[in-house]
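*Asks:* Below: one structure in structure tokens.
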Amino acid sequence: MTVVTELAEPLLRRQDPQMADVLAGEAQRQATSLQLIAAENFTSPAVLAALGSVLANKYAEGYPGARYHGGCEYADLAEGIAAERARALFGAEHANVQPHSGSAAVLAAYAALLRPGDTVLAMGLAYGGHLTHGSPANFSGRWFDFVGYGVDAETGLIDYQQVQQLARTHRPKAIVCGSISYPRHPEYSAFREVADEVGAYLIADAAHPIGLVAGGAAPSPLPYADVVCATTHKVLRGPRGGMILCGAELAERIDRAVFPFTQGGAQMHTIAAKAVAFGEAATPAFATYAHRVVANARVLADALAERGFAVTTGGTDTHLITADPAPLGVDGPTARGRLGAAGLVLDTCALPYGDQRGIRLGTAAVTTQGMGAPEMGRIAALFTAALTGDAAQTRMEVSALAQEFPPYGVQ
Ligand SMILES: Cc1ncc(COP(=O)(O)O)c(C=O)c1O
């Protein structure tokens, strides 16, 4: 357990034992199972300390130096530090660190650049697009006219010719590159060319790769995209939240689109925690971590392929692996259920072909725990055991492996 939760535990337990039990249960779950959800990670104790700080009490509508509330001198400092660190980390002219989530960041980017009814070209949901890329269940699909590009059914790679053809046909106002499950680097320069040809804005939704970008383990969309949206959790290892990076010419539009257009008061404790995470991400240790995340994902992808999983695109360049477990006689949802029962926690995802679902996993959290190549081999073996062997025995082995690498030091 962390210093923070250790200190808070007796207090919470005295006042609210019911919730103390819930938190203790979650801490135990995280420490005794393997967190392979590609979008999750373990924040540092320092990030947790900022999240649980007195800035949680502060109302701060507006921006540093121009707030609608009094008493914002420390809130202003926190947000100034967060924005400055984000700009330095990603080489951006402007950073807005207020979006409450990745979805809120995308909403604000659309609000800044588009009008309702505009056409937007984004990865189709059936191929790994996010809800905010045109799902009919989401504001994006309701308020904009989305056209979806896909991936090649054979290779699983983005079909840039199709992107170009669709752009020529539909003349979108914006093109979105980014995905919840694409394990390779998007070719940002190719997207930029298409956007320039049809006069569209290019929005990179880099929620997944942004932590790798911070650590120099993935190419940056910054030189190519007009606006970069991201989450601060995932590989970046910050608190749950979003941010937007852009050039100076769009700064004011982006800021107004976040507040007051789509959000109210900034969550100052989260912004302080984002600043702490950006500080951590600027260190050589984080660069080493980001490269290890990718190295681990490659080893794990190869090991899963050897065990019969059909790994899409034949591997990965990132933290993220998608695979079809069909050769092992199960579909994605069944696999997720059996793996979850064994303590291997992950998601299902769209596959490049057909309408069956596969599995999606990532190595951000297990790498934070200190696992390396040998453990990736052990995890792959546990996958086979969970799907085809003794469930109770596999659950014990997963728990033993997890406890060799406690996320927050000694339990
Ligand atoms: C590509 C992409 N965009 C947006 C989001 C939304 O982030 P959030 O869940 O914080 O709203 C995600 C989250 O996984 C994502 O992967």
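We label chains A, B, ... in the order they appear in the structure tokens, count residues from 1 in each chain, and number ligands from 1 in the order shown.
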Show me which residues are within 6 Å of ligand 1 counting only C-alpha atoms and all ligand atoms, and format the list as a ChimeraX atom specification.
*Replies:* /A:39,101-103,130,178-180,205,207-208,231,241
*Asks:* What's the 9 Å shell around region 187-190 of chain A, counting only C-alpha atoms, without same-chain residues fewer than 2 positions away, as a PyMOL selection string?
*Replies:* chain A and resi 158+160+177+185+192-195+204+219-221+223-225
*Asks:* Go ahead and dump the residues you just picked, C-alpha atoms, as an mmCIF file, in the first residue's frame.
*Replies:*
data_model
loop_
_atom_site.group_PDB
_atom_site.id
_atom_site.type_symbol
_atom_site.label_atom_id
_atom_site.label_comp_id
_atom_site.auth_asym_id
_atom_site.auth_seq_id
_atom_site.Cartn_x
_atom_site.Cartn_y
_atom_site.Cartn_z
ATOM 1 C CA ILE A 158 -4.396 1.650 -41.623
ATOM 2 C CA TYR A 160 -3.907 5.321 -46.179
ATOM 3 C CA CYS A 177 -6.089 10.023 -36.202
ATOM 4 C CA HIS A 185 2.319 4.123 -34.937
ATOM 5 C CA ARG A 192 -1.148 15.642 -42.620
ATOM 6 C CA GLU A 193 -0.772 15.361 -46.391
ATOM 7 C CA VAL A 194 -4.360 14.224 -46.811
ATOM 8 C CA ALA A 195 -5.624 16.948 -44.454
ATOM 9 C CA ALA A 204 -4.498 13.607 -33.242
ATOM 10 C CA PRO A 219 6.844 9.444 -32.717
ATOM 11 C CA SER A 220 5.207 12.700 -31.717
ATOM 12 C CA PRO A 221 2.068 13.908 -33.504
ATOM 13 C CA PRO A 223 4.739 18.542 -35.626
ATOM 14 C CA TYR A 224 1.845 17.348 -37.799
ATOM 15 C CA ALA A 225 -1.466 17.820 -35.991
#
*Asks:* Could you pull out the strand (DSSP E or B) residues of region 168-289 of chain A from DSSP and send them as a VMD selection string?
*Replies:* chain A and resid 174 to 177 201 to 205 227 to 231 242 to 246
*Asks:* Let me see the file: selected residues, C-alpha atoms, as an mmCIF file, in the first residue's frame.
*Replies:*
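Result file follows (again_17.cif):
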data_model
loop_
_atom_site.group_PDB
_atom_site.id
_atom_site.type_symbol
_atom_site.label_atom_id
_atom_site.label_comp_id
_atom_site.auth_asym_id
_atom_site.auth_seq_id
_atom_site.Cartn_x
_atom_site.Cartn_y
_atom_site.Cartn_z
ATOM 1 C CA ALA A 174 -11.433 17.621 -39.705
ATOM 2 C CA ILE A 175 -9.569 14.328 -39.823
ATOM 3 C CA VAL A 176 -8.983 12.440 -36.578
ATOM 4 C CA CYS A 177 -6.089 10.023 -36.202
ATOM 5 C CA TYR A 201 -7.876 20.255 -39.637
ATOM 6 C CA LEU A 202 -5.845 17.317 -38.337
ATOM 7 C CA ILE A 203 -6.731 16.257 -34.793
ATOM 8 C CA ALA A 204 -4.498 13.607 -33.242
ATOM 9 C CA ASP A 205 -6.310 11.754 -30.482
ATOM 10 C CA VAL A 227 -4.558 19.860 -32.181
ATOM 11 C CA VAL A 228 -3.396 16.927 -30.050
ATOM 12 C CA CYS A 229 -5.862 15.495 -27.519
ATOM 13 C CA ALA A 230 -4.666 13.076 -24.866
ATOM 14 C CA THR A 231 -5.376 11.435 -21.560
ATOM 15 C CA GLY A 242 -7.230 14.891 -20.258
ATOM 16 C CA MET A 243 -5.199 17.631 -21.911
ATOM 17 C CA ILE A 244 -4.967 19.447 -25.217
ATOM 18 C CA LEU A 245 -1.779 20.583 -26.962
ATOM 19 C CA CYS A 246 -1.733 22.988 -29.890
#
*Asks:* Set the distance at 10 Å and use only C-alpha atoms: which residues neighbour region 318-320 of chain A once local chain neighbours fewer than 2 positions away are removed? I'd like the list as a ChimeraX atom specification.
*Replies:* /A:36-39,180-185,208-209,211-212,217-218,234-235,290-298,301,315-316,322,360-365,367
*Asks:* May I have the residues within 12 Å of region 50-64 of chain A as a ChimeraX atom specification, using only C-alpha atoms and disregarding those fewer than 6 positions away in the same chain?
*Replies:* /A:3-5,7-8,43-44,70-83,95-98,238-241,252,255-261,263-277
*Asks:* Next, dump the selected residues to file, keeping only C-alpha atoms, as an mmCIF file, in the first residue's frame.
*Replies:*
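Once written, part.cif looks like this:
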data_model
loop_
_atom_site.group_PDB
_atom_site.id
_atom_site.type_symbol
_atom_site.label_atom_id
_atom_site.label_comp_id
_atom_site.auth_asym_id
_atom_site.auth_seq_id
_atom_site.Cartn_x
_atom_site.Cartn_y
_atom_site.Cartn_z
ATOM 1 C CA VAL A 3 2.220 6.003 2.049
ATOM 2 C CA VAL A 4 -0.856 8.008 1.130
ATOM 3 C CA THR A 5 -3.400 5.229 1.466
ATOM 4 C CA LEU A 7 -2.012 7.245 6.246
ATOM 5 C CA ALA A 8 -5.604 7.695 5.104
ATOM 6 C CA THR A 43 0.407 6.274 -10.574
ATOM 7 C CA SER A 44 3.216 7.167 -8.219
ATOM 8 C CA GLY A 70 -11.159 34.483 -5.142
ATOM 9 C CA GLY A 71 -8.305 32.769 -3.344
ATOM 10 C CA CYS A 72 -6.845 31.236 -6.480
ATOM 11 C CA GLU A 73 -3.192 32.169 -5.944
ATOM 12 C CA TYR A 74 -2.087 28.579 -5.280
ATOM 13 C CA ALA A 75 -4.501 27.148 -7.841
ATOM 14 C CA ASP A 76 -2.943 29.505 -10.383
ATOM 15 C CA LEU A 77 0.529 28.347 -9.426
ATOM 16 C CA ALA A 78 -0.478 24.683 -9.755
ATOM 17 C CA GLU A 79 -2.053 25.172 -13.176
ATOM 18 C CA GLY A 80 0.832 27.331 -14.389
ATOM 19 C CA ILE A 81 3.336 24.662 -13.401
ATOM 20 C CA ALA A 82 1.247 21.901 -15.014
ATOM 21 C CA ALA A 83 0.864 23.780 -18.304
ATOM 22 C CA ALA A 95 -1.153 23.278 -23.336
ATOM 23 C CA ASN A 96 -4.601 23.243 -21.779
ATOM 24 C CA VAL A 97 -4.503 20.916 -18.766
ATOM 25 C CA GLN A 98 -8.106 21.367 -17.647
ATOM 26 C CA GLY A 238 -0.709 10.489 -14.256
ATOM 27 C CA PRO A 239 -4.148 10.964 -12.708
ATOM 28 C CA ARG A 240 -7.307 10.218 -14.684
ATOM 29 C CA GLY A 241 -7.810 13.258 -16.899
ATOM 30 C CA GLU A 252 -7.417 30.996 -27.414
ATOM 31 C CA ASP A 255 -9.093 27.533 -24.079
ATOM 32 C CA ARG A 256 -12.550 28.988 -24.682
ATOM 33 C CA ALA A 257 -13.796 25.616 -25.933
ATOM 34 C CA VAL A 258 -12.722 23.993 -22.648
ATOM 35 C CA PHE A 259 -13.952 26.778 -20.355
ATOM 36 C CA PRO A 260 -16.595 28.139 -20.463
ATOM 37 C CA PHE A 261 -17.956 26.210 -23.478
ATOM 38 C CA GLN A 263 -16.577 22.621 -18.736
ATOM 39 C CA GLY A 264 -17.012 24.527 -15.509
ATOM 40 C CA GLY A 265 -14.516 24.751 -12.664
ATOM 41 C CA ALA A 266 -11.154 23.101 -13.197
ATOM 42 C CA GLN A 267 -10.339 20.163 -10.931
ATOM 43 C CA MET A 268 -7.324 21.684 -9.237
ATOM 44 C CA HIS A 269 -6.221 18.580 -7.297
ATOM 45 C CA THR A 270 -6.141 16.631 -10.576
ATOM 46 C CA ILE A 271 -4.264 19.434 -12.314
ATOM 47 C CA ALA A 272 -1.672 19.416 -9.507
ATOM 48 C CA ALA A 273 -1.390 15.649 -9.944
ATOM 49 C CA LYS A 274 -0.978 16.103 -13.715
ATOM 50 C CA ALA A 275 1.908 18.497 -12.987
ATOM 51 C CA VAL A 276 3.553 15.901 -10.745
ATOM 52 C CA ALA A 277 3.166 13.250 -13.450
#
*Asks:* If we count only C-alpha atoms and set the cut-off at 8 Å, which residues sit around region 89-92 of chain A, ignoring sequence neighbours fewer than 2 positions away in its own chain? Please answer as a VMD selection string.
*Replies:* chain A and resid 85 to 87 94 to 95 213 to 214 220 222 245 to 247 278 281 to 282
*Asks:* With distances taken over only C-alpha atoms, which residue among A:Tyr68, A:Phe383, A:Phe42, A:Tyr149 lies nearest Val398 (chain A)?
*Replies:*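 Smallest separation from Val398 (chain A) among the options: A:Phe383.
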*Asks:* Can you list, as an mmCIF file with N, CA and C atoms, in the first residue's frame, all residues belonging to region 204-250 of chain A that DSSP tags as helix (DSSP H, G or I)?
*Replies:*
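Saved as part.cif:
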data_model
loop_
_atom_site.group_PDB
_atom_site.id
_atom_site.type_symbol
_atom_site.label_atom_id
_atom_site.label_comp_id
_atom_site.auth_asym_id
_atom_site.auth_seq_id
_atom_site.Cartn_x
_atom_site.Cartn_y
_atom_site.Cartn_z
ATOM 1 N N ILE A 210 0.477 8.827 -25.947
ATOM 2 C CA ILE A 210 1.112 10.058 -25.454
ATOM 3 C C ILE A 210 2.196 9.789 -24.394
ATOM 4 N N GLY A 211 2.012 8.763 -23.565
ATOM 5 C CA GLY A 211 3.039 8.451 -22.569
ATOM 6 C C GLY A 211 4.318 7.955 -23.226
ATOM 7 N N LEU A 212 4.156 7.193 -24.300
ATOM 8 C CA LEU A 212 5.337 6.727 -25.047
ATOM 9 C C LEU A 212 6.017 7.911 -25.727
ATOM 10 N N VAL A 213 5.215 8.847 -26.222
ATOM 11 C CA VAL A 213 5.777 10.057 -26.834
ATOM 12 C C VAL A 213 6.607 10.804 -25.785
ATOM 13 N N ALA A 214 6.052 10.939 -24.577
ATOM 14 C CA ALA A 214 6.766 11.653 -23.495
ATOM 15 C C ALA A 214 8.115 11.001 -23.215
ATOM 16 N N LYS A 234 -3.164 6.203 -18.377
ATOM 17 C CA LYS A 234 -2.525 5.278 -19.332
ATOM 18 C C LYS A 234 -1.002 5.301 -19.152
ATOM 19 N N VAL A 235 -0.247 5.114 -20.241
ATOM 20 C CA VAL A 235 1.213 4.965 -20.103
ATOM 21 C C VAL A 235 1.835 6.187 -19.406
ATOM 22 N N LEU A 236 1.241 7.355 -19.583
ATOM 23 C CA LEU A 236 1.805 8.583 -19.010
ATOM 24 C C LEU A 236 1.830 8.553 -17.476
ATOM 25 N N ALA A 248 0.244 28.194 -30.979
ATOM 26 C CA ALA A 248 -0.196 29.452 -30.369
ATOM 27 C C ALA A 248 -1.444 30.008 -31.057
ATOM 28 N N GLU A 249 -1.566 29.777 -32.389
ATOM 29 C CA GLU A 249 -2.678 30.416 -33.118
ATOM 30 C C GLU A 249 -4.039 29.834 -32.725
ATOM 31 N N LEU A 250 -4.061 28.601 -32.221
ATOM 32 C CA LEU A 250 -5.348 28.011 -31.818
ATOM 33 C C LEU A 250 -5.562 28.072 -30.298
#
*Asks:* Applying 9 Å and only C-alpha atoms, which residues near Arg168 (chain A) remain after dropping the ones on its own chain fewer than 5 positions away? List them as a ChimeraX atom specification.
*Replies:* /A:163,194,197-198
*Asks:* Could you build a table of the residues in region 234-318 of chain A lying no more than 12 Å from region 342-356 of chain A, giving for each the nearest pair of atoms and their separation in Å rounded to one decimal place, using only C-alpha atoms, ordered by chain and ascending residue number, as a Markdown table?
*Replies:*
| residue | atom | partner | partner_atom | distance |
| --- | --- | --- | --- | --- |
| A:Ala310 | CA | A:Leu351 | CA | 10.4 |
| A:Val311 | CA | A:Leu351 | CA | 10.1 |
| A:Thr312 | CA | A:Leu351 | CA | 7.8 |
| A:Thr313 | CA | A:Pro352 | CA | 9.2 |
*Asks:* Residues of the last selection are to be written out with C-alpha atoms, as a PDB file, in the first residue's frame.
*Replies:*
ATOM      1  CA  ALA A 310      -3.498 -14.590 -33.845  1.00  0.00           C
ATOM      2  CA  VAL A 311      -1.761 -11.328 -32.953  1.00  0.00           C
ATOM      3  CA  THR A 312      -3.132  -8.575 -35.187  1.00  0.00           C
ATOM      4  CA  THR A 313      -0.615  -6.749 -37.383  1.00  0.00           C
TER       5      THR A 313
END
*Asks:* Could you check the closest approach to Asp226 (chain A) for each of A:Leu121, A:Ala385, A:Ile359, A:Ala251 and tell me which residue wins, using only C-alpha atoms?
*Replies:*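 That would be A:Ala251, the residue with the smallest distance to Asp226 (chain A).
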*Asks:* Enter the distance from CA of Thr394 (chain A) to CA of Gly314 (chain A), in Å, rounded to one decimal.
*Replies:*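 About the pair CA of Thr394 (chain A) and CA of Gly314 (chain A): they are 26.8 Å apart.
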*Asks:* With only C-alpha atoms as the counted atoms, please give the residues lying no more than 6 Å from Ala112 (chain A), apart from itself and same-chain residues fewer than 3 positions off, as a list in words.
*Replies:* Ala109, Arg253, Ile254 and Ala257 of chain A
*Asks:* Could you turn the residues from that selection into a file that holds C-alpha atoms, as a PDB file, in the first residue's frame?
*Replies:*
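This went into out-v9.pdb:
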ATOM      1  CA  ALA A 109     -11.235  20.150 -29.768  1.00  0.00           C
ATOM      2  CA  ARG A 253     -10.036  28.985 -29.301  1.00  0.00           C
ATOM      3  CA  ILE A 254      -9.042  25.822 -27.475  1.00  0.00           C
ATOM      4  CA  ALA A 257     -13.796  25.616 -25.933  1.00  0.00           C
TER       5      ALA A 257
END
